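Asks: Structure file data05.cif (mmCIF, C-alpha atoms) right here:
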data_structure
loop_
_atom_site.label_atom_id
_atom_site.label_comp_id
_atom_site.auth_asym_id
_atom_site.auth_seq_id
_atom_site.Cartn_x
_atom_site.Cartn_y
_atom_site.Cartn_z
CA MET A 1 -5.99 0.40 29.45
CA TYR A 2 -4.19 -0.57 26.28
CA ARG A 3 -2.94 2.16 23.96
CA LEU A 4 -2.65 1.58 20.21
CA TYR A 5 -0.37 3.78 18.14
CA GLU A 6 -1.73 3.46 14.63
CA PHE A 7 -2.40 4.83 11.17
CA ALA A 8 -6.15 4.32 10.75
CA SER A 9 -6.13 2.94 7.20
CA SER A 10 -3.34 0.45 7.91
CA GLY A 11 -4.39 -3.18 7.79
CA ASN A 12 -1.66 -4.07 10.27
CA CYS A 13 -3.21 -1.69 12.79
CA TYR A 14 -6.70 -2.93 11.95
CA LYS A 15 -5.72 -6.46 12.98
CA LEU A 16 -5.31 -5.28 16.56
CA ARG A 17 -8.44 -3.12 16.61
CA LEU A 18 -10.50 -6.02 15.27
CA ALA A 19 -9.09 -8.51 17.77
CA MET A 20 -9.60 -6.15 20.72
CA ALA A 21 -13.15 -5.38 19.62
CA GLN A 22 -13.95 -9.09 19.39
CA LEU A 23 -12.30 -9.84 22.72
CA GLY A 24 -13.94 -6.91 24.49
CA VAL A 25 -10.58 -5.35 25.37
CA PRO A 26 -10.82 -1.58 26.01
CA PHE A 27 -8.14 0.54 24.35
CA GLU A 28 -7.36 4.07 23.27
CA ARG A 29 -6.14 5.03 19.82
CA VAL A 30 -3.25 7.39 19.07
CA GLU A 31 -3.07 8.32 15.39
CA LYS A 32 0.34 8.65 13.74
CA ASP A 33 0.37 9.79 10.12
CA ILE A 34 3.04 7.73 8.41
CA THR A 35 2.79 9.84 5.25
CA ARG A 36 4.03 12.84 7.26
CA GLY A 37 6.85 11.04 9.03
CA GLU A 38 5.18 11.11 12.44
CA THR A 39 6.64 7.72 13.36
CA ARG A 40 10.16 9.08 12.84
CA SER A 41 10.02 11.62 15.66
CA ASP A 42 12.30 11.20 18.66
CA ASP A 43 9.29 10.69 20.91
CA PHE A 44 7.94 7.84 18.80
CA LEU A 45 11.33 6.26 18.24
CA ALA A 46 11.65 6.03 22.01
CA ILE A 47 8.57 3.77 21.91
CA ASN A 48 9.60 1.80 18.82
CA PRO A 49 13.16 2.28 17.55
CA ASN A 50 12.08 0.75 14.23
CA GLY A 51 9.80 3.73 13.63
CA ARG A 52 6.79 1.72 12.49
CA ILE A 53 3.19 1.28 13.47
CA PRO A 54 1.33 -0.37 15.02
CA VAL A 55 2.67 -0.35 18.53
CA LEU A 56 0.54 -1.80 21.31
CA VAL A 57 1.29 -0.44 24.78
CA THR A 58 0.04 -2.63 27.61
CA PRO A 59 -1.71 -1.25 30.71
CA GLU A 60 1.63 -1.75 32.50
CA GLY A 61 3.35 0.52 30.00
CA ARG A 62 5.25 -2.11 28.00
CA ALA A 63 5.46 -1.44 24.25
CA LEU A 64 4.98 -4.27 21.76
CA PRO A 65 5.62 -3.43 18.07
CA GLU A 66 4.90 -5.74 15.11
CA SER A 67 1.25 -6.43 14.41
CA ASN A 68 1.34 -10.22 14.52
CA ALA A 69 3.36 -10.32 17.74
CA ALA A 70 0.83 -8.02 19.38
CA LEU A 71 -2.03 -10.06 17.89
CA TRP A 72 -0.56 -13.23 19.39
CA TYR A 73 -0.15 -11.52 22.77
CA LEU A 74 -3.74 -10.27 22.82
CA SER A 75 -5.24 -13.61 21.87
CA ARG A 76 -3.43 -15.86 24.35
CA ASP A 77 -5.90 -17.96 26.36
CA SER A 78 -8.83 -16.62 24.33
CA GLN A 79 -11.32 -18.04 21.85
CA LEU A 80 -9.16 -16.63 19.06
CA MET A 81 -6.29 -19.00 19.89
CA PRO A 82 -6.50 -22.78 19.44
CA VAL A 83 -5.78 -24.90 22.49
CA ASP A 84 -3.98 -27.65 20.59
CA ALA A 85 -0.21 -27.05 20.31
CA PHE A 86 -0.03 -28.19 16.68
CA GLU A 87 -2.90 -25.89 15.72
CA GLN A 88 -1.13 -23.03 17.50
CA ALA A 89 1.88 -23.74 15.30
CA GLN A 90 -0.40 -23.70 12.26
CA VAL A 91 -1.63 -20.26 13.32
CA LEU A 92 1.99 -19.10 13.31
CA GLN A 93 2.51 -20.77 9.94
CA TRP A 94 -0.24 -18.63 8.38
CA MET A 95 0.87 -15.49 10.20
CA PHE A 96 4.40 -15.96 8.85
CA PHE A 97 2.92 -16.54 5.38
CA GLU A 98 0.95 -13.30 5.75
CA GLN A 99 4.03 -11.27 6.58
CA TYR A 100 6.35 -12.88 4.03
CA ASN A 101 4.17 -13.70 0.99
CA HIS A 102 0.95 -11.75 1.37
CA GLU A 103 1.45 -8.39 3.09
CA PRO A 104 4.61 -7.28 1.22
CA ASN A 105 2.76 -7.59 -2.08
CA ILE A 106 -0.92 -6.89 -1.46
CA ALA A 107 -0.47 -4.27 1.25
CA THR A 108 2.38 -2.52 -0.54
CA SER A 109 0.37 -2.32 -3.76
CA ARG A 110 -2.53 -0.86 -1.80
CA TYR A 111 -0.27 1.68 -0.12
CA TRP A 112 1.17 2.87 -3.42
CA LEU A 113 -2.21 3.05 -5.17
CA HIS A 114 -4.75 3.87 -2.46
CA VAL A 115 -2.85 5.73 0.24
CA LEU A 116 -0.22 7.55 -1.81
CA GLY A 117 -2.16 7.59 -5.09
CA GLU A 118 1.00 7.29 -7.19
CA PRO A 119 0.47 4.48 -9.72
CA GLU A 120 2.81 5.99 -12.31
CA LYS A 121 5.71 6.31 -9.89
CA TYR A 122 5.49 2.64 -8.90
CA ALA A 123 4.28 1.19 -12.22
CA ASP A 124 7.27 -1.10 -12.81
CA ALA A 125 7.44 -2.38 -9.23
CA LEU A 126 3.68 -2.94 -9.20
CA GLN A 127 3.92 -5.58 -11.91
CA GLU A 128 6.03 -7.82 -9.68
CA LYS A 129 3.91 -7.06 -6.61
CA GLN A 130 0.74 -7.95 -8.51
CA GLN A 131 2.15 -11.28 -9.67
CA LYS A 132 3.36 -12.28 -6.23
CA GLY A 133 0.16 -11.05 -4.61
CA HIS A 134 -1.91 -13.25 -6.87
CA GLU A 135 0.37 -16.17 -6.05
CA ALA A 136 -0.38 -15.62 -2.36
CA LEU A 137 -4.11 -15.40 -3.04
CA ALA A 138 -3.91 -18.67 -4.97
CA VAL A 139 -2.33 -20.39 -1.96
CA MET A 140 -5.17 -19.12 0.20
CA GLU A 141 -7.75 -20.20 -2.36
CA ARG A 142 -6.43 -23.77 -2.45
CA HIS A 143 -6.68 -24.00 1.33
CA LEU A 144 -10.11 -22.37 1.53
CA GLN A 145 -11.58 -24.66 -1.11
CA ALA A 146 -11.49 -27.37 1.55
CA GLU A 147 -11.64 -25.45 4.83
CA PRO A 148 -13.90 -22.63 6.10
CA PHE A 149 -11.10 -20.96 8.06
CA PHE A 150 -7.32 -21.24 8.17
CA VAL A 151 -6.78 -23.40 11.26
CA GLY A 152 -8.83 -26.15 12.82
CA GLY A 153 -12.03 -25.31 11.00
CA ARG A 154 -12.70 -22.31 13.22
CA TYR A 155 -12.05 -18.58 13.33
CA SER A 156 -8.73 -17.53 14.87
CA ILE A 157 -6.07 -14.84 14.70
CA ALA A 158 -4.74 -16.56 11.58
CA ASP A 159 -7.91 -15.35 9.88
CA ILE A 160 -7.62 -11.86 11.36
CA ALA A 161 -4.02 -11.58 10.14
CA LEU A 162 -4.94 -12.52 6.58
CA TYR A 163 -8.29 -10.72 6.49
CA ALA A 164 -6.81 -7.30 7.24
CA TYR A 165 -5.38 -6.71 3.78
CA THR A 166 -7.29 -9.32 1.76
CA HIS A 167 -10.63 -7.60 2.29
CA VAL A 168 -9.24 -4.39 0.77
CA ALA A 169 -7.13 -6.10 -1.90
CA ASP A 170 -9.16 -4.34 -4.59
CA GLU A 171 -7.66 -1.05 -3.38
CA GLY A 172 -4.29 -2.49 -4.40
CA GLY A 173 -5.53 -3.44 -7.85
CA PHE A 174 -6.36 -7.09 -7.06
CA SER A 175 -9.61 -8.57 -8.30
CA LEU A 176 -10.91 -11.46 -6.20
CA GLN A 177 -13.26 -12.77 -8.89
CA ALA A 178 -11.05 -15.82 -9.52
CA TYR A 179 -11.03 -16.73 -5.82
CA PRO A 180 -14.49 -17.93 -4.72
CA GLY A 181 -13.11 -19.65 -1.64
CA VAL A 182 -11.43 -16.45 -0.52
CA ARG A 183 -14.62 -14.45 -1.10
CA ALA A 184 -16.72 -16.93 0.91
CA TRP A 185 -14.16 -16.78 3.71
CA LEU A 186 -14.26 -12.97 3.72
CA ASP A 187 -18.02 -13.16 4.22
CA ALA A 188 -17.55 -15.65 7.06
CA VAL A 189 -15.06 -13.35 8.79
CA ARG A 190 -17.40 -10.36 8.44
CA ALA A 191 -20.13 -12.44 10.08
CA GLN A 192 -18.11 -13.05 13.24
CA GLN A 193 -19.46 -11.58 16.44
CA GLY A 194 -17.89 -8.25 17.32
CA HIS A 195 -16.65 -7.56 13.81
CA VAL A 196 -15.81 -3.92 13.13
CA PRO A 197 -14.90 -2.36 9.76
CA LEU A 198 -11.48 -1.01 8.90
CA LEU A 199 -12.34 2.64 9.34
CA ALA A 200 -14.76 2.35 12.26
#
Take the structure I supplied and represent it as structure tokens, if you would.
Replies:
Amino acid sequence: MYRLYEFASSGNCYKLRLAMAQLGVPFERVEKDITRGETRSDDFLAINPNGRIPVLVTPEGRALPESNAALWYLSRDSQLMPVDAFEQAQVLQWMFFEQYNHEPNIATSRYWLHVLGEPEKYADALQEKQQKGHEALAVMERHLQAEPFFVGGRYSIADIALYAYTHVADEGGFSLQAYPGVRAWLDAVRAQQGHVPLLA
């Protein structure tokens, strides 16, 4: 059985829980509280020297950190991965976008505001994060004005990767009112078979 080391409210961890729920993959959850430094213990650093969650451990005992790498691994040869090689590359394109443009701004804002509850401490940095987060949402909106999903017109791990923090963007201070395409896409993702909520 797979083992998932996670922090329950983390969108990066949620990506893997959502994918495994939709693929019918059994797994066990091991909670690590990042606010208490539990991923910095010697035991955890032996699993992931980078000291971050999530970490997916395969039934064979191999550890795979980094949410999108683990998401790619889980979805190989499944309905969540396109067959076409170019579309597979497009999935990676959006997953790279998520980690470079989207997650560092939307997820970080959410962590400061919702998880830590320290808006005053991060007030100056939040201004830049908010601007860049809205820029990322605008890129998504332009794409979703013409397409129902991110790759090939169908649901894939590209959608899971971007859904994880977009659907809780309000917790990072982002209103989605100006993004009707994004909001329609969020509804379409929620309607997918096997969908589970963040804190299920």
Asks: Report as number ranges by chain the full result of the PyMOL selection byres ((chain A and resi 43-57) around 6) when it is applied to this structure.
Replies: A: 2-6, 13, 39-42, 58, 61-65
Asks: Of the candidates A:Tyr111, A:Phe149, A:Phe86, A:Trp185, which one gets nearest to Gly173 in chain A if we count all atoms listed in the file?
Replies: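 Result for the nearest residue to Gly173 in chain A: A:Tyr111.
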Asks: Given the choices A:Asn68, A:Tyr179, A:Gly153, A:Ser9, which gets closest to Thr35 in chain A if the distance is worked out from all atoms listed in the file?
Replies: A:Ser9
Asks: Kindly resolve the PyMOL selection byres ((chain A and resi 114) around 10) on the present coordinates and return the residues as a ChimeraX atom specification.
Replies: /A:9,107-113,115-119,168,170-173
Asks: Counting all atoms listed in the file, which of A:Leu186, A:Ala164, A:Met140, A:Ala89 gets nearest to Ser67 in chain A?
Replies: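 For Ser67 in chain A, the nearest of the candidates is A:Ala164.
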Asks: Rank A:Asp159, A:Glu60, A:Glu135, A:Glu141 by their smallest atom-to-atom distance to Val182 in chain A, using all atoms listed in the file, and report the top residue only.
Replies: A:Glu141
Asks: Could you state which residues are captured by the PyMOL selection byres ((chain A and resi 24) around 12) in this file, as a PyMOL selection string?
Replies: chain A and resi 1-2+16-23+25-27+74-75+78-79+193-196
Asks: Need the shell around Leu162 in chain A: protein/DNA/RNA residues with any atom at most 8 Å away, counting only C-alpha atoms. Skip same-chain ones fewer than 2 positions apart. Format as a list of chain:residue names?
Replies: A:Trp94, A:Met95, A:Glu98, A:His102, A:Ala158, A:Asp159, A:Ile160, A:Ala164, A:Tyr165, A:Thr166
Asks: Just to confirm, what's the straight-line distance from CA of Val151 in chain A to CA of Val91 in chain A in Å (one decimal)?
Replies: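 Atom-to-atom, CA of Val151 in chain A to CA of Val91 in chain A, that is 6.4 Å.
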Asks: Which residues come within 7 Å of Met81 in chain A, counting only C-alpha atoms, excluding same-chain residues fewer than 5 positions away, as an MDAnalysis selection string?
Replies: chainID A and resid 75:76 88 156:157
